[in-house]
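One file, query_13.tsv, carrying TSV, C-alpha atoms and all ligand atoms:
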```
chain	number	residue	atom	x	y	z
I	1	PRO	CA	-45.79	-4.28	-55.92
I	2	ALA	CA	-43.13	-2.80	-53.68
I	3	LYS	CA	-40.99	-0.71	-55.97
I	4	THR	CA	-37.99	0.57	-54.07
I	5	ALA	CA	-35.76	2.00	-56.83
I	6	GLU	CA	-36.04	3.08	-60.45
I	7	LEU	CA	-33.60	0.65	-61.98
I	8	ILE	CA	-32.35	-2.88	-61.50
I	9	TRP	CA	-29.46	-4.87	-62.99
I	10	PHE	CA	-30.61	-8.19	-64.47
I	11	ASN	CA	-28.42	-10.55	-66.51
I	12	GLY	CA	-26.10	-7.83	-67.72
I	13	GLU	CA	-28.68	-5.14	-68.42
I	14	ILE	CA	-29.87	-2.19	-66.41
I	15	MET	CA	-33.63	-2.01	-66.78
I	16	PRO	CA	-36.69	-0.41	-65.14
I	17	TRP	CA	-37.54	-2.04	-61.79
I	18	GLY	CA	-40.83	-3.42	-63.11
I	19	ASP	CA	-39.26	-5.14	-66.11
I	20	ALA	CA	-37.03	-7.56	-64.18
I	21	LYS	CA	-39.31	-10.59	-64.31
I	22	VAL	CA	-38.88	-14.35	-64.00
I	23	HIS	CA	-41.13	-17.26	-64.94
I	24	VAL	CA	-43.41	-18.79	-62.28
I	25	MET	CA	-41.74	-22.12	-63.00
I	26	SER	CA	-38.37	-20.75	-61.89
I	27	HIS	CA	-36.38	-23.44	-60.08
I	28	ALA	CA	-35.46	-21.10	-57.23
I	29	LEU	CA	-39.10	-20.31	-56.57
I	30	HIS	CA	-39.94	-23.99	-56.16
I	31	TYR	CA	-36.79	-25.34	-54.51
I	32	GLY	CA	-35.04	-22.34	-52.92
I	33	THR	CA	-32.02	-22.62	-55.21
I	34	SER	CA	-30.53	-19.16	-54.88
I	35	VAL	CA	-27.56	-17.58	-53.16
I	36	PHE	CA	-27.35	-13.93	-52.36
I	37	GLU	CA	-25.66	-11.07	-50.54
I	38	GLY	CA	-26.57	-7.92	-48.68
I	39	ILE	CA	-24.10	-5.07	-48.89
I	40	ARG	CA	-24.35	-1.55	-47.56
I	41	VAL	CA	-23.16	1.58	-49.32
I	42	TYR	CA	-22.41	4.43	-46.93
I	43	ASP	CA	-22.23	8.09	-47.82
I	44	THR	CA	-18.73	8.97	-46.58
I	45	PRO	CA	-16.83	12.30	-46.74
I	46	GLN	CA	-14.95	10.77	-49.72
I	47	GLY	CA	-18.21	9.91	-51.46
I	48	PRO	CA	-20.35	6.77	-51.53
I	49	ALA	CA	-18.41	3.63	-50.56
I	50	GLY	CA	-19.32	-0.03	-50.61
I	51	PHE	CA	-18.54	-1.47	-47.19
I	52	ARG	CA	-16.36	-4.57	-47.68
I	53	LEU	CA	-17.85	-5.00	-51.15
I	54	THR	CA	-15.09	-7.40	-52.23
I	55	ASP	CA	-15.60	-9.61	-49.17
I	56	HIS	CA	-19.33	-9.75	-49.82
I	57	VAL	CA	-18.91	-10.64	-53.49
I	58	GLN	CA	-16.39	-13.28	-52.44
I	59	ARG	CA	-18.96	-14.76	-50.05
I	60	LEU	CA	-21.51	-14.78	-52.90
I	61	TYR	CA	-19.07	-16.87	-54.94
I	62	ASP	CA	-18.35	-19.08	-51.92
I	63	SER	CA	-22.07	-19.70	-51.37
I	64	ALA	CA	-22.45	-20.56	-55.08
I	65	LYS	CA	-19.46	-22.92	-54.84
I	66	ILE	CA	-21.03	-24.86	-51.98
I	67	TYR	CA	-24.05	-25.52	-54.21
I	68	ARG	CA	-22.02	-25.95	-57.43
I	69	MET	CA	-24.01	-23.09	-58.93
I	70	PRO	CA	-22.25	-21.50	-61.89
I	71	VAL	CA	-22.23	-17.72	-61.44
I	72	PRO	CA	-22.87	-16.43	-64.97
I	73	TYR	CA	-20.58	-13.40	-64.64
I	74	SER	CA	-16.96	-12.98	-63.55
I	75	PHE	CA	-16.02	-11.70	-60.13
I	76	ASP	CA	-15.10	-8.31	-61.60
I	77	GLU	CA	-18.30	-8.10	-63.63
I	78	THR	CA	-20.34	-8.82	-60.49
I	79	MET	CA	-18.42	-6.15	-58.57
I	80	GLN	CA	-19.05	-3.70	-61.39
I	81	ALA	CA	-22.75	-4.57	-61.53
I	82	CYS	CA	-22.98	-3.67	-57.82
I	83	ARG	CA	-21.29	-0.33	-58.38
I	84	ASP	CA	-23.26	0.43	-61.56
I	85	ILE	CA	-26.71	-0.16	-60.11
I	86	VAL	CA	-26.05	2.16	-57.16
I	87	LYS	CA	-24.79	4.86	-59.52
I	88	SER	CA	-27.61	4.39	-62.02
I	89	ASN	CA	-30.14	4.90	-59.25
I	90	ARG	CA	-28.16	7.96	-58.08
I	91	LEU	CA	-27.97	6.65	-54.51
I	92	ASP	CA	-25.44	7.97	-51.98
I	93	SER	CA	-26.29	5.30	-49.46
I	94	ALA	CA	-27.96	2.03	-50.28
I	95	TYR	CA	-28.45	-1.63	-49.61
I	96	ILE	CA	-27.23	-3.78	-52.51
I	97	ARG	CA	-28.82	-7.16	-53.08
I	98	PRO	CA	-27.15	-9.45	-55.62
I	99	LEU	CA	-28.88	-12.80	-56.19
I	100	VAL	CA	-27.71	-15.81	-58.20
I	101	PHE	CA	-30.50	-18.26	-58.91
I	102	PHE	CA	-31.68	-21.12	-61.05
I	103	GLY	CA	-34.48	-19.78	-63.24
I	104	ASP	CA	-36.45	-21.55	-65.93
I	105	VAL	CA	-34.25	-24.69	-66.05
I	106	GLY	CA	-36.93	-27.36	-65.71
I	107	MET	CA	-38.48	-29.08	-62.72
I	108	GLY	CA	-35.84	-31.71	-62.04
I	109	ILE	CA	-34.35	-31.15	-58.60
I	110	THR	CA	-30.87	-31.36	-60.07
I	111	PRO	CA	-30.76	-28.81	-62.87
I	112	PRO	CA	-29.43	-30.08	-66.22
I	113	LYS	CA	-25.63	-30.06	-66.47
I	114	ASP	CA	-25.58	-27.14	-68.89
I	115	ALA	CA	-28.15	-25.08	-66.95
I	116	GLN	CA	-27.21	-21.44	-66.56
I	117	CYS	CA	-27.91	-19.37	-63.50
I	118	ASP	CA	-29.33	-15.88	-63.59
I	119	LEU	CA	-27.85	-12.92	-61.73
I	120	MET	CA	-29.74	-9.87	-60.57
I	121	VAL	CA	-28.45	-6.94	-58.56
I	122	ALA	CA	-30.79	-4.44	-56.91
I	123	ALA	CA	-29.86	-1.34	-54.94
I	124	PHE	CA	-32.29	0.64	-52.85
I	125	PRO	CA	-32.41	2.81	-49.72
I	126	TRP	CA	-32.72	0.89	-46.45
I	127	GLY	CA	-32.59	2.55	-43.05
I	128	ALA	CA	-32.06	0.91	-39.65
I	129	TYR	CA	-33.36	-2.66	-39.95
I	130	LEU	CA	-34.93	-2.87	-36.51
I	131	GLY	CA	-35.84	0.82	-36.32
I	132	GLU	CA	-33.77	3.94	-35.68
I	133	ASP	CA	-34.54	4.08	-31.94
I	134	SER	CA	-33.52	0.43	-31.47
I	135	MET	CA	-29.89	1.46	-31.96
I	136	GLU	CA	-29.96	3.26	-28.63
I	137	ARG	CA	-32.84	1.68	-26.76
I	138	GLY	CA	-32.02	-1.92	-27.62
I	139	VAL	CA	-34.40	-4.71	-28.63
I	140	ASP	CA	-36.26	-7.43	-26.76
I	141	VAL	CA	-35.42	-10.89	-28.05
I	142	ALA	CA	-36.58	-14.41	-27.32
I	143	VAL	CA	-34.91	-17.75	-27.73
I	144	THR	CA	-37.26	-19.42	-30.20
I	145	SER	CA	-38.54	-22.96	-30.12
I	146	TRP	CA	-37.05	-23.51	-33.58
I	147	ASN	CA	-33.50	-24.86	-33.73
I	148	ARG	CA	-31.10	-23.52	-36.32
I	149	LEU	CA	-30.19	-25.86	-39.17
I	150	ALA	CA	-28.33	-29.00	-38.08
I	151	PRO	CA	-24.78	-29.60	-39.31
I	152	ASN	CA	-24.66	-31.43	-42.62
I	153	THR	CA	-28.27	-30.70	-43.48
I	154	ILE	CA	-28.58	-27.27	-45.09
I	155	PRO	CA	-25.24	-25.48	-44.71
I	156	THR	CA	-25.58	-22.30	-42.64
I	157	GLY	CA	-22.19	-21.21	-44.01
I	158	ALA	CA	-23.81	-20.51	-47.38
I	159	LYS	CA	-26.05	-17.49	-47.70
I	160	ALA	CA	-28.73	-19.33	-49.65
I	161	GLY	CA	-32.38	-18.45	-50.22
I	162	GLY	CA	-33.67	-21.67	-48.66
I	163	ASN	CA	-31.91	-20.96	-45.35
I	164	TYR	CA	-34.30	-18.10	-44.79
I	165	LEU	CA	-37.19	-20.48	-44.15
I	166	SER	CA	-35.38	-21.13	-40.88
I	167	SER	CA	-34.97	-17.38	-40.35
I	168	LEU	CA	-38.65	-16.86	-41.13
I	169	GLN	CA	-39.68	-19.30	-38.40
I	170	ILE	CA	-37.24	-17.79	-35.89
I	171	SER	CA	-38.31	-14.23	-36.54
I	172	THR	CA	-42.03	-14.81	-36.98
I	173	GLU	CA	-42.43	-16.81	-33.80
I	174	ALA	CA	-40.62	-14.11	-31.84
I	175	LYS	CA	-42.72	-11.32	-33.33
I	176	ARG	CA	-45.99	-13.21	-32.86
I	177	ASN	CA	-45.09	-13.49	-29.19
I	178	GLY	CA	-44.44	-9.76	-28.88
I	179	PHE	CA	-40.65	-9.72	-29.16
I	180	ASP	CA	-38.59	-7.72	-31.65
I	181	GLU	CA	-36.46	-10.61	-32.84
I	182	GLY	CA	-35.61	-14.25	-32.19
I	183	ILE	CA	-32.38	-16.01	-31.29
I	184	ALA	CA	-32.01	-19.66	-32.24
I	185	LEU	CA	-30.17	-22.46	-30.51
I	186	ASP	CA	-28.45	-25.09	-32.62
I	187	VAL	CA	-29.45	-28.76	-32.44
I	188	ASN	CA	-27.10	-29.22	-29.47
I	189	GLY	CA	-28.91	-26.49	-27.56
I	190	LEU	CA	-26.08	-23.98	-27.92
I	191	VAL	CA	-26.57	-20.40	-29.07
I	192	SER	CA	-26.26	-19.86	-32.81
I	193	GLU	CA	-27.56	-16.56	-34.21
I	194	GLY	CA	-30.59	-14.43	-34.93
I	195	ALA	CA	-32.77	-14.66	-38.01
I	196	GLY	CA	-30.44	-12.40	-39.97
I	197	ALA	CA	-27.69	-11.35	-37.59
I	198	ASN	CA	-24.85	-12.73	-35.49
I	199	LEU	CA	-24.71	-12.37	-31.74
I	200	PHE	CA	-22.14	-11.08	-29.25
I	201	VAL	CA	-22.09	-11.20	-25.45
I	202	VAL	CA	-20.05	-8.85	-23.29
I	203	LYS	CA	-19.09	-10.21	-19.90
I	204	LYS	CA	-16.49	-8.56	-17.64
I	205	ASN	CA	-15.28	-6.39	-20.54
I	206	LYS	CA	-14.57	-9.43	-22.71
I	207	LEU	CA	-16.46	-10.26	-25.92
I	208	TYR	CA	-17.86	-13.68	-26.71
I	209	THR	CA	-19.41	-14.89	-29.94
I	210	PRO	CA	-20.36	-18.40	-31.09
I	211	PRO	CA	-17.66	-20.12	-33.19
I	212	ALA	CA	-17.91	-21.01	-36.87
I	213	THR	CA	-19.03	-24.54	-35.90
I	214	ALA	CA	-22.19	-23.23	-34.18
I	215	ALA	CA	-24.59	-23.24	-37.16
I	216	ILE	CA	-24.04	-19.62	-38.13
I	217	LEU	CA	-23.37	-17.58	-41.20
I	218	LEU	CA	-19.88	-16.13	-40.83
I	219	GLY	CA	-21.00	-12.54	-40.83
I	220	ILE	CA	-18.82	-9.87	-42.33
I	221	THR	CA	-20.07	-7.45	-39.67
I	222	ARG	CA	-19.14	-10.12	-37.08
I	223	ASP	CA	-15.59	-10.07	-38.45
I	224	THR	CA	-15.61	-6.26	-38.55
I	225	ILE	CA	-16.67	-6.05	-34.90
I	226	MET	CA	-14.09	-8.62	-33.78
I	227	THR	CA	-11.41	-6.58	-35.56
I	228	LEU	CA	-12.58	-3.20	-34.20
I	229	ALA	CA	-12.97	-4.61	-30.67
I	230	ARG	CA	-9.43	-6.02	-30.67
I	231	ASP	CA	-8.19	-2.72	-32.07
I	232	LEU	CA	-9.83	-0.97	-29.10
I	233	GLY	CA	-8.06	-3.39	-26.74
I	234	TYR	CA	-10.91	-5.80	-25.93
I	235	GLU	CA	-10.31	-9.52	-25.76
I	236	VAL	CA	-12.61	-11.43	-28.15
I	237	VAL	CA	-13.23	-15.16	-27.96
I	238	GLU	CA	-15.18	-17.45	-30.29
I	239	GLU	CA	-16.69	-19.96	-27.92
I	240	PRO	CA	-19.81	-22.13	-27.71
I	241	MET	CA	-22.33	-20.48	-25.39
I	242	SER	CA	-25.31	-21.72	-23.42
I	243	ARG	CA	-28.74	-20.13	-23.23
I	244	GLU	CA	-28.19	-19.14	-19.60
I	245	PHE	CA	-24.97	-17.36	-20.54
I	246	LEU	CA	-27.24	-14.89	-22.34
I	247	TYR	CA	-29.26	-14.32	-19.15
I	248	LEU	CA	-26.09	-13.50	-17.19
I	249	ALA	CA	-24.47	-11.25	-19.79
I	250	ASP	CA	-23.44	-7.69	-18.98
I	251	GLU	CA	-24.33	-6.69	-22.55
I	252	ILE	CA	-25.55	-8.36	-25.71
I	253	PHE	CA	-25.69	-7.02	-29.23
I	254	MET	CA	-26.45	-8.37	-32.67
I	255	THR	CA	-24.53	-7.62	-35.86
I	256	GLY	CA	-25.38	-7.77	-39.55
I	257	THR	CA	-25.23	-5.71	-42.69
I	258	ALA	CA	-28.90	-4.75	-42.49
I	259	ALA	CA	-29.07	-4.74	-38.67
I	260	GLU	CA	-25.65	-3.02	-38.24
I	261	ILE	CA	-25.08	-3.11	-34.44
I	262	VAL	CA	-28.21	-3.45	-32.37
I	263	PRO	CA	-28.13	-3.67	-28.57
I	264	VAL	CA	-30.26	-6.37	-26.94
I	265	ARG	CA	-31.94	-5.16	-23.76
I	266	SER	CA	-33.70	-8.36	-22.74
I	267	VAL	CA	-33.68	-12.07	-23.53
I	268	ASP	CA	-36.82	-14.11	-22.72
I	269	ARG	CA	-37.97	-11.04	-20.73
I	270	ILE	CA	-34.88	-11.23	-18.52
I	271	GLU	CA	-33.10	-7.89	-18.49
I	272	VAL	CA	-29.59	-7.89	-19.91
I	273	GLY	CA	-27.25	-6.09	-17.50
I	274	ALA	CA	-28.74	-2.70	-16.74
I	275	GLY	CA	-31.43	-3.26	-19.38
I	276	GLY	CA	-30.31	-0.87	-22.09
I	277	ARG	CA	-27.35	-0.18	-24.32
I	278	GLY	CA	-24.15	-0.90	-22.40
I	279	PRO	CA	-20.88	1.05	-22.61
I	280	VAL	CA	-18.99	-1.56	-24.65
I	281	THR	CA	-21.81	-1.79	-27.21
I	282	GLN	CA	-21.86	1.99	-27.41
I	283	ALA	CA	-18.09	2.17	-27.91
I	284	LEU	CA	-18.26	-0.41	-30.69
I	285	GLN	CA	-21.17	1.36	-32.36
I	286	ALA	CA	-19.16	4.59	-32.25
I	287	SER	CA	-16.13	2.86	-33.73
I	288	PHE	CA	-18.23	1.16	-36.43
I	289	PHE	CA	-20.30	4.17	-37.49
I	290	GLY	CA	-17.16	6.32	-37.20
I	291	LEU	CA	-15.83	4.48	-40.24
I	292	PHE	CA	-18.48	6.20	-42.32
I	293	ASN	CA	-18.04	9.79	-41.13
I	294	GLY	CA	-14.25	9.66	-40.94
I	295	GLU	CA	-13.98	9.53	-37.14
I	296	THR	CA	-12.60	6.00	-37.24
I	297	GLN	CA	-9.59	5.55	-39.46
I	298	ASP	CA	-10.19	2.76	-41.99
I	299	LYS	CA	-6.90	0.91	-41.49
I	300	TRP	CA	-8.24	-2.17	-43.20
I	301	GLY	CA	-9.34	-0.82	-46.56
I	302	TRP	CA	-12.94	-1.74	-45.90
I	303	LEU	CA	-14.41	1.31	-47.59
I	304	GLU	CA	-14.40	0.72	-51.31
I	305	PRO	CA	-15.23	3.87	-53.29
I	306	LEU	CA	-17.77	3.32	-56.02
I	401	LIG	N1	-26.58	-14.53	-40.04
I	401	LIG	C1	-27.55	-14.57	-40.95
I	401	LIG	C2	-28.48	-15.73	-40.98
I	401	LIG	C3	-27.70	-13.50	-41.85
I	401	LIG	O1	-28.68	-13.51	-42.77
I	401	LIG	C4	-26.82	-12.41	-41.78
I	401	LIG	C5	-27.00	-11.24	-42.72
I	401	LIG	N2	-26.27	-11.44	-43.93
I	401	LIG	C6	-25.81	-12.42	-40.82
I	401	LIG	C7	-25.72	-13.50	-39.96
I	401	LIG	C8	-24.82	-11.30	-40.72
I	401	LIG	O2	-23.94	-11.32	-41.81
I	401	LIG	P1	-23.27	-10.00	-42.36
I	401	LIG	O3	-22.69	-9.32	-41.20
I	401	LIG	O4	-22.24	-10.48	-43.32
I	401	LIG	O5	-24.35	-9.21	-43.01
```
Mind turning the file's structure into structure tokens?
Ligand code: PMP
Amino acid sequence: PAKTAELIWFNGEIMPWGDAKVHVMSHALHYGTSVFEGIRVYDTPQGPAGFRLTDHVQRLYDSAKIYRMPVPYSFDETMQACRDIVKSNRLDSAYIRPLVFFGDVGMGITPPKDAQCDLMVAAFPWGAYLGEDSMERGVDVAVTSWNRLAPNTIPTGAKAGGNYLSSLQISTEAKRNGFDEGIALDVNGLVSEGAGANLFVVKKNKLYTPPATAAILLGITRDTIMTLARDLGYEVVEEPMSREFLYLADEIFMTGTAAEIVPVRSVDRIEVGAGGRGPVTQALQASFFGLFNGETQDKWGWLEPL
């Protein structure tokens, strides 16, 4: 088994990694009934800080609300669990993964009215998601043959376990075909997002990203980048975009907690702009990563000390 840290927080207790077990009849295992988050802790000059921890925990509660899943701990207790598990593992930087799920509640699709959810929170080291060199070199992506979830089917606005079957198809098809990552179109043929990241296009010094209606998860990094870009004086628009708009972009990059900010150097083997990291992407990376070494002033209170 892939053990990535010593300790894990499970239903209110901090226990050895290997002891956090669930039954094979767990509801979430059969039906995908879980909601989760991914949060990064950065090692800043002021000490380890959870990046937008409150916003992430809020999105966890929002995802649970969409599915009427009762989170078994209060907002503050969940926040504290996130802080505690990082500290218990003595990590200065980490990826935190809280998960709310239906466990051993029976096999009915609708869990019994009084069914409780479980909550686990893991924290472990996680470097650059698509590789350290990808941050400069950029990645090759393909528009996959799989569409992103249709509106009013499985809500993309919830970060739920089951959604990642779509992500699995998007990513696996791309990788099987020799690309680094896949980009999906929505059922109307408009650009949505990657398997686990949002997408931005730079064209004539202006930033474009698909709107909330485009079958995407409203990424917290997406919001961070829109805010930093505007702060740097760039215009940012949320607008539906076509596949060919990607081909004609000056720059493209993807954003996510795990992925951070990754330049895209080609789409469907068509070079994006000059075929590497562009100047706007580089400026935004500098602004973003500057938050964690003190070079960018955190005017927004995004860094939450543990
Ligand atoms: N879309 C999907 C499908 C994701 O899984 C993620 C990662 N959570 C994102 C977008 C980016 O969201 P965030 O910036 O909040 O991590």
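Proximity of I:Gly275, I:Gly131, I:Gly233, I:Gly194 to ligand LIG 401 (chain I), computed with only C-alpha atoms and all ligand atoms, is greatest for I:Gly194.
Across I:Met15, I:Ala158, I:Val191, I:Ala215, the tightest approach to I:Thr33 is made by I:Ala158 when counting only C-alpha atoms.
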- Message: Please return as a PyMOL selection string the residues found within 7 Å of ligand LIG 401 (chain I), counting all atoms listed in the file.
- Response: chain I and resi 37-38+159+167+193-198+216-222+255-258
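Distance check against I:Val201 using only C-alpha atoms: of I:Thr224, I:Leu232, I:Leu248, I:Tyr164, the minimum falls on I:Leu248.
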- Query: Smallest atom-to-atom distance to I:Asp231: which of I:Arg68, I:Val22, I:Phe288, I:Glu136, using only C-alpha atoms?
  - Reply: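 For I:Asp231, the nearest of the candidates is I:Phe288.
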Go through stretch 217-299 of chain I residue by residue and, counting all atoms listed in the file, keep those with an atom at most 9 Å from stretch 204-207 of chain I; for each kept residue give the shortest atom pair and its distance in Å to one decimal, ordered by chain and increasing number, as CSV.
```
residue,atom,partner,partner_atom,distance
I:Met226,CA,I:Leu207,CA,8.4
I:Ala229,CA,I:Leu207,CA,8.2
I:Tyr234,CA,I:Lys206,CA,6.1
I:Glu235,CA,I:Lys206,CA,5.2
I:Val236,CA,I:Leu207,CA,4.6
I:Val237,CA,I:Leu207,CA,6.2
I:Glu238,CA,I:Leu207,CA,8.5
I:Ala249,CA,I:Lys204,CA,8.7
I:Asp250,CA,I:Lys204,CA,7.1
I:Val280,CA,I:Asn205,CA,7.3
```
- From the set I:Ala64, I:Ala259, I:Ala123, I:Met135, which residue has the shortest atom-to-atom contact distance to I:Gly161, counting only C-alpha atoms?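 With only C-alpha atoms as the atom set, the closest residue is I:Ala64.
Within 9 Å of the file-frame point (-36.8, -22.0, -64.7), and using all atoms listed in the file, the polymer residues found are Val22, His23, Val24, Met25, Ser26, His27, Ala28, Leu29, Phe102, Gly103, Asp104, Val105, Gly106 and Met107 of chain I.
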- Which of these, I:Asp223, I:Glu251, I:Asp268, I:Glu132, has the shortest distance to I:Arg52 once you count only C-alpha atoms?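 Closest to I:Arg52 of all the choices is I:Asp223.
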- Item | Straight-line distance linking atom CA of I:Val202 with atom CA of I:Gly189, stated in Å to one decimal |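 It comes out at 20.2 Å.
Interatomic distance, atom CA of I:Gly278 against atom CA of I:Arg230: 17.6 Å.
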- Query: Could you pull the residues within 9 Å of stretch 148-157 of chain I, counting all atoms listed in the file, minus those fewer than 5 positions along the same chain, as a list in words?
  - Reply: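 Counting only the stated atoms, we get Ser63, Ile66, Gly162, Asn163, Ser166, Ser167, Ile170, Ala184, Leu185, Asp186, Val187, Asn188, Ser192, Glu193, Ala212, Thr213, Ala214, Ala215, Ile216, Leu217 and Leu218 of chain I.
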Selection to disk with C-alpha atoms, as an mmCIF file, keeping the file's coordinate frame:
```
data_model
loop_
_atom_site.group_PDB
_atom_site.id
_atom_site.type_symbol
_atom_site.label_atom_id
_atom_site.label_comp_id
_atom_site.auth_asym_id
_atom_site.auth_seq_id
_atom_site.Cartn_x
_atom_site.Cartn_y
_atom_site.Cartn_z
ATOM 1 C CA SER I 63 -22.070 -19.700 -51.370
ATOM 2 C CA ILE I 66 -21.030 -24.860 -51.980
ATOM 3 C CA GLY I 162 -33.670 -21.670 -48.660
ATOM 4 C CA ASN I 163 -31.910 -20.960 -45.350
ATOM 5 C CA SER I 166 -35.380 -21.130 -40.880
ATOM 6 C CA SER I 167 -34.970 -17.380 -40.350
ATOM 7 C CA ILE I 170 -37.240 -17.790 -35.890
ATOM 8 C CA ALA I 184 -32.010 -19.660 -32.240
ATOM 9 C CA LEU I 185 -30.170 -22.460 -30.510
ATOM 10 C CA ASP I 186 -28.450 -25.090 -32.620
ATOM 11 C CA VAL I 187 -29.450 -28.760 -32.440
ATOM 12 C CA ASN I 188 -27.100 -29.220 -29.470
ATOM 13 C CA SER I 192 -26.260 -19.860 -32.810
ATOM 14 C CA GLU I 193 -27.560 -16.560 -34.210
ATOM 15 C CA ALA I 212 -17.910 -21.010 -36.870
ATOM 16 C CA THR I 213 -19.030 -24.540 -35.900
ATOM 17 C CA ALA I 214 -22.190 -23.230 -34.180
ATOM 18 C CA ALA I 215 -24.590 -23.240 -37.160
ATOM 19 C CA ILE I 216 -24.040 -19.620 -38.130
ATOM 20 C CA LEU I 217 -23.370 -17.580 -41.200
ATOM 21 C CA LEU I 218 -19.880 -16.130 -40.830
#
```
- Two-atom distance - atom CA of I:Val139, atom CA of I:Gly50 (Å):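 Computed distance, atom CA of I:Val139 to atom CA of I:Gly50, equals 27.1 Å.
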As a PDB file, in the coordinates of the input, the rebuilt stretch 52-68 of chain I with N, CA and C atoms:
```
ATOM      1  N   ARG I  52     -16.902  -3.210 -47.482  1.00  0.00           N
ATOM      2  CA  ARG I  52     -16.360  -4.570 -47.680  1.00  0.00           C
ATOM      3  C   ARG I  52     -17.021  -5.258 -48.879  1.00  0.00           C
ATOM      4  N   LEU I  53     -17.204  -4.484 -49.927  1.00  0.00           N
ATOM      5  CA  LEU I  53     -17.850  -5.000 -51.150  1.00  0.00           C
ATOM      6  C   LEU I  53     -17.159  -6.261 -51.668  1.00  0.00           C
ATOM      7  N   THR I  54     -15.839  -6.239 -51.718  1.00  0.00           N
ATOM      8  CA  THR I  54     -15.090  -7.400 -52.230  1.00  0.00           C
ATOM      9  C   THR I  54     -15.349  -8.644 -51.377  1.00  0.00           C
ATOM     10  N   ASP I  55     -15.353  -8.463 -50.061  1.00  0.00           N
ATOM     11  CA  ASP I  55     -15.600  -9.610 -49.170  1.00  0.00           C
ATOM     12  C   ASP I  55     -17.005 -10.169 -49.368  1.00  0.00           C
ATOM     13  N   HIS I  56     -17.956  -9.283 -49.597  1.00  0.00           N
ATOM     14  CA  HIS I  56     -19.330  -9.750 -49.820  1.00  0.00           C
ATOM     15  C   HIS I  56     -19.451 -10.499 -51.150  1.00  0.00           C
ATOM     16  N   VAL I  57     -18.829  -9.959 -52.193  1.00  0.00           N
ATOM     17  CA  VAL I  57     -18.910 -10.640 -53.490  1.00  0.00           C
ATOM     18  C   VAL I  57     -18.182 -11.988 -53.405  1.00  0.00           C
ATOM     19  N   GLN I  58     -17.089 -12.003 -52.647  1.00  0.00           N
ATOM     20  CA  GLN I  58     -16.390 -13.280 -52.440  1.00  0.00           C
ATOM     21  C   GLN I  58     -17.308 -14.290 -51.740  1.00  0.00           C
ATOM     22  N   ARG I  59     -18.059 -13.830 -50.749  1.00  0.00           N
ATOM     23  CA  ARG I  59     -18.960 -14.760 -50.050  1.00  0.00           C
ATOM     24  C   ARG I  59     -20.083 -15.232 -50.976  1.00  0.00           C
ATOM     25  N   LEU I  60     -20.509 -14.362 -51.900  1.00  0.00           N
ATOM     26  CA  LEU I  60     -21.510 -14.780 -52.900  1.00  0.00           C
ATOM     27  C   LEU I  60     -20.957 -15.950 -53.730  1.00  0.00           C
ATOM     28  N   TYR I  61     -19.708 -15.797 -54.166  1.00  0.00           N
ATOM     29  CA  TYR I  61     -19.070 -16.870 -54.940  1.00  0.00           C
ATOM     30  C   TYR I  61     -18.864 -18.121 -54.091  1.00  0.00           C
ATOM     31  N   ASP I  62     -18.534 -17.926 -52.826  1.00  0.00           N
ATOM     32  CA  ASP I  62     -18.350 -19.080 -51.920  1.00  0.00           C
ATOM     33  C   ASP I  62     -19.670 -19.823 -51.731  1.00  0.00           C
ATOM     34  N   SER I  63     -20.751 -19.068 -51.536  1.00  0.00           N
ATOM     35  CA  SER I  63     -22.070 -19.700 -51.370  1.00  0.00           C
ATOM     36  C   SER I  63     -22.423 -20.483 -52.632  1.00  0.00           C
ATOM     37  N   ALA I  64     -22.152 -19.898 -53.798  1.00  0.00           N
ATOM     38  CA  ALA I  64     -22.450 -20.560 -55.080  1.00  0.00           C
ATOM     39  C   ALA I  64     -21.601 -21.831 -55.221  1.00  0.00           C
ATOM     40  N   LYS I  65     -20.365 -21.770 -54.742  1.00  0.00           N
ATOM     41  CA  LYS I  65     -19.460 -22.920 -54.840  1.00  0.00           C
ATOM     42  C   LYS I  65     -19.990 -24.101 -54.031  1.00  0.00           C
ATOM     43  N   ILE I  66     -20.501 -23.807 -52.843  1.00  0.00           N
ATOM     44  CA  ILE I  66     -21.030 -24.860 -51.980  1.00  0.00           C
ATOM     45  C   ILE I  66     -22.154 -25.621 -52.695  1.00  0.00           C
ATOM     46  N   TYR I  67     -22.941 -24.890 -53.482  1.00  0.00           N
ATOM     47  CA  TYR I  67     -24.050 -25.520 -54.210  1.00  0.00           C
ATOM     48  C   TYR I  67     -23.719 -25.833 -55.675  1.00  0.00           C
ATOM     49  N   ARG I  68     -22.440 -25.688 -56.037  1.00  0.00           N
ATOM     50  CA  ARG I  68     -22.020 -25.950 -57.430  1.00  0.00           C
ATOM     51  C   ARG I  68     -22.868 -25.150 -58.413  1.00  0.00           C
TER      52      ARG I  68
END
```
